[in-house]
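Written below as structure tokens is the structure these notes are about.
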Amino acid sequence: MIIKTNKDEILDFSHDASNFSGNPEAVFFPETILELQELVKTLYQENTCFTISGNRTGLTGGAAAEKGIIISTSKLNKIIEINRNDKYIITEAGVTLEEIQRTAAENGLLYPPDPTETNCFIGGTIATNASGEKSFKYGATRNFVEELEILLPQGELIQIKRNHFFANNLKIKILNYDLTLPKFDMPEVKNTAGYYCAPDMDIIDLFIGAEGTLGIITKAKLRLVDKPGKLISCFVFFNNEEDALQFITDVKRKSLLSIHTNDFTRLNALAIEFMDKNSISLLKDNPLIPHNRAAAVWFEQETTTEYEDLILNRLWELLSKYNVDDNSILYAVDDNEIKSLKELRHSFPSKVNEYISAHNLKKLGTDTAVPSGSFRAYYKFCKDCVEINNLQYVIYGHFGNSHIHLNILPKDEKEYNLGKEIYNQICLKAVELGGTISAEHGIGKFKRDLLIKMYGEEIVNQMKNIKQVLDPKMLLNSGNIFLP
């Protein structure tokens, strides 16, 4: 096992993409699952806190250790099996999403969960129930996890298969551990706030999205789907923001109807993404971007060669209602052009993260989602909050899922503190509307107080009790989701 203690060597492991910094004493790199298991047993006996680090692409401080040591999963990086006939892949936790997607594609298959950072480790995406733009059609990571191998906090290694182990109402038994789930209503939106809990639930879902606080994901069997024959991808730039928002409403409605009727001759979006004028201005030097546009929408759809022209005609027919001309559209159908448009979409959050790092501030980016019927009013509320206070901001997000990333870009510490107050207001408004404070990034160390405001102290304490049964010393990923 590799162990690093030199501060210069472990500097990169002291923070994640949110710019949240910890102070780890050392970083351990187990090279096998057995080595990891023996390490965890020793650390638990020695009462040493240990934080699991994937590729540190998270945005909530989850991979940064406030104390103790870090365990990196980077050496657990083997794809064990890919099965074309039964459409699954078995992988260790330290394999990157990019490698899994590439391996699936080489075998005519697709792994749909598609968060922005494709160099993230698959274990981290399962631990946070990551999603991304394709979640409009396919949903989040949870929908594709068939089996997990999990190392519990005190060193026991367990296997959990989907559809094999269920809660008895709100009671779960794992080995000799008796767990009681809290009874509460999870919001009916895309949501990764706290533990997934429901009567008679599949036990595997408790660990997905638990942010590594209940156990370390070591292996996973993931469901794959057939790779689409063709993909249509386009960026549409609008002169009027209202037109962009109404286009999203229309294409979302048409797509949901197509999904429910399984009619793939009509508009049936894979991704519906929004970027406001401030987001567009971040890329003002890009020659592909039209100038002085009020908003942009990125639209993708799976199709076939047979139906490609038909789908394009339906899309242009809809866009014609919103004063969109040929100069306002970036369109792609071949793989290289589609990749370029995808990189363009992913450049927006990258630019924001560069700004945060350059100003040495923690990220103030919302990850809220609300019910669709409340979304337009919520969007206006968010914009008003920052504009009234004269704060610089950008808005982009998965508007097909009524999921908004509003990033406040403070110029100094004073504006940061004001922005933090507004950030909290925006999160609480989402809860008031029946939504969530975290649609895909999780709680980490940033949103512990907001989780209590979302669910109430009693429910959060009941969630914490689940962790304390499995991890009575609170050593694993200490400080994530709950205060130690």
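Letters for chains follow the order of the structure tokens (A, B, ...), residue numbers begin at 1 for each chain, and ligand numbers begin at 1 in the order shown.
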Got a sec to tell me which of segment 273-363 of chain A DSSP assigns to strand (DSSP E or B), as a list of chain:residue names?
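Matching residues for strand (DSSP E or B) in segment 273-363 of chain A are A:Glu273, A:Phe274, A:Met275, A:Asp276, A:Ala295, A:Ala296, A:Val297, A:Trp298, A:Phe299, A:Glu300, A:Gln301, A:Glu302, A:Thr303, A:Ile329, A:Leu330, A:Tyr331, A:Ala332.
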Can you pull out every residue within 9 Å of Ser72 of chain A, counting only C-alpha atoms, but drop anything in the same chain fewer than 5 positions away, and send it as a PyMOL selection string?
chain A and resi 13+27-30+51-55+94
Could you pull out all residues of segment 138-167 of chain A with a DSSP call of helix (DSSP H, G or I) and give them as a ChimeraX atom specification?
/A:138,141-144
Top pick for closest residue to Lys221 of chain A, considering A:Met454, A:Cys49, A:Leu148, A:Ala63 and counting only C-alpha atoms:
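Distance minimum relative to Lys221 of chain A lands on A:Leu148.
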So that each row is one residue of segment 250-344 of chain A with an atom at most 12 Å from segment 100-115 of chain A, can you give its shortest atom pair and the distance in Å to one decimal, using only C-alpha atoms, rows by chain and rising number, as JSON lines?
```
{"residue": "A:Leu270", "atom": "CA", "partner": "A:Pro112", "partner_atom": "CA", "distance": 9.9}
{"residue": "A:Ala271", "atom": "CA", "partner": "A:Asp114", "partner_atom": "CA", "distance": 10.4}
{"residue": "A:Glu302", "atom": "CA", "partner": "A:Leu110", "partner_atom": "CA", "distance": 11.8}
{"residue": "A:Asp335", "atom": "CA", "partner": "A:Ala105", "partner_atom": "CA", "distance": 11.9}
{"residue": "A:Lys342", "atom": "CA", "partner": "A:Asp114", "partner_atom": "CA", "distance": 10.9}
```
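Residue nearest Cys382 of chain A within the list A:His15, A:Gly419, A:Ser350, A:Asn461: A:Gly419 [criterion: smallest interatomic distance, only C-alpha atoms].
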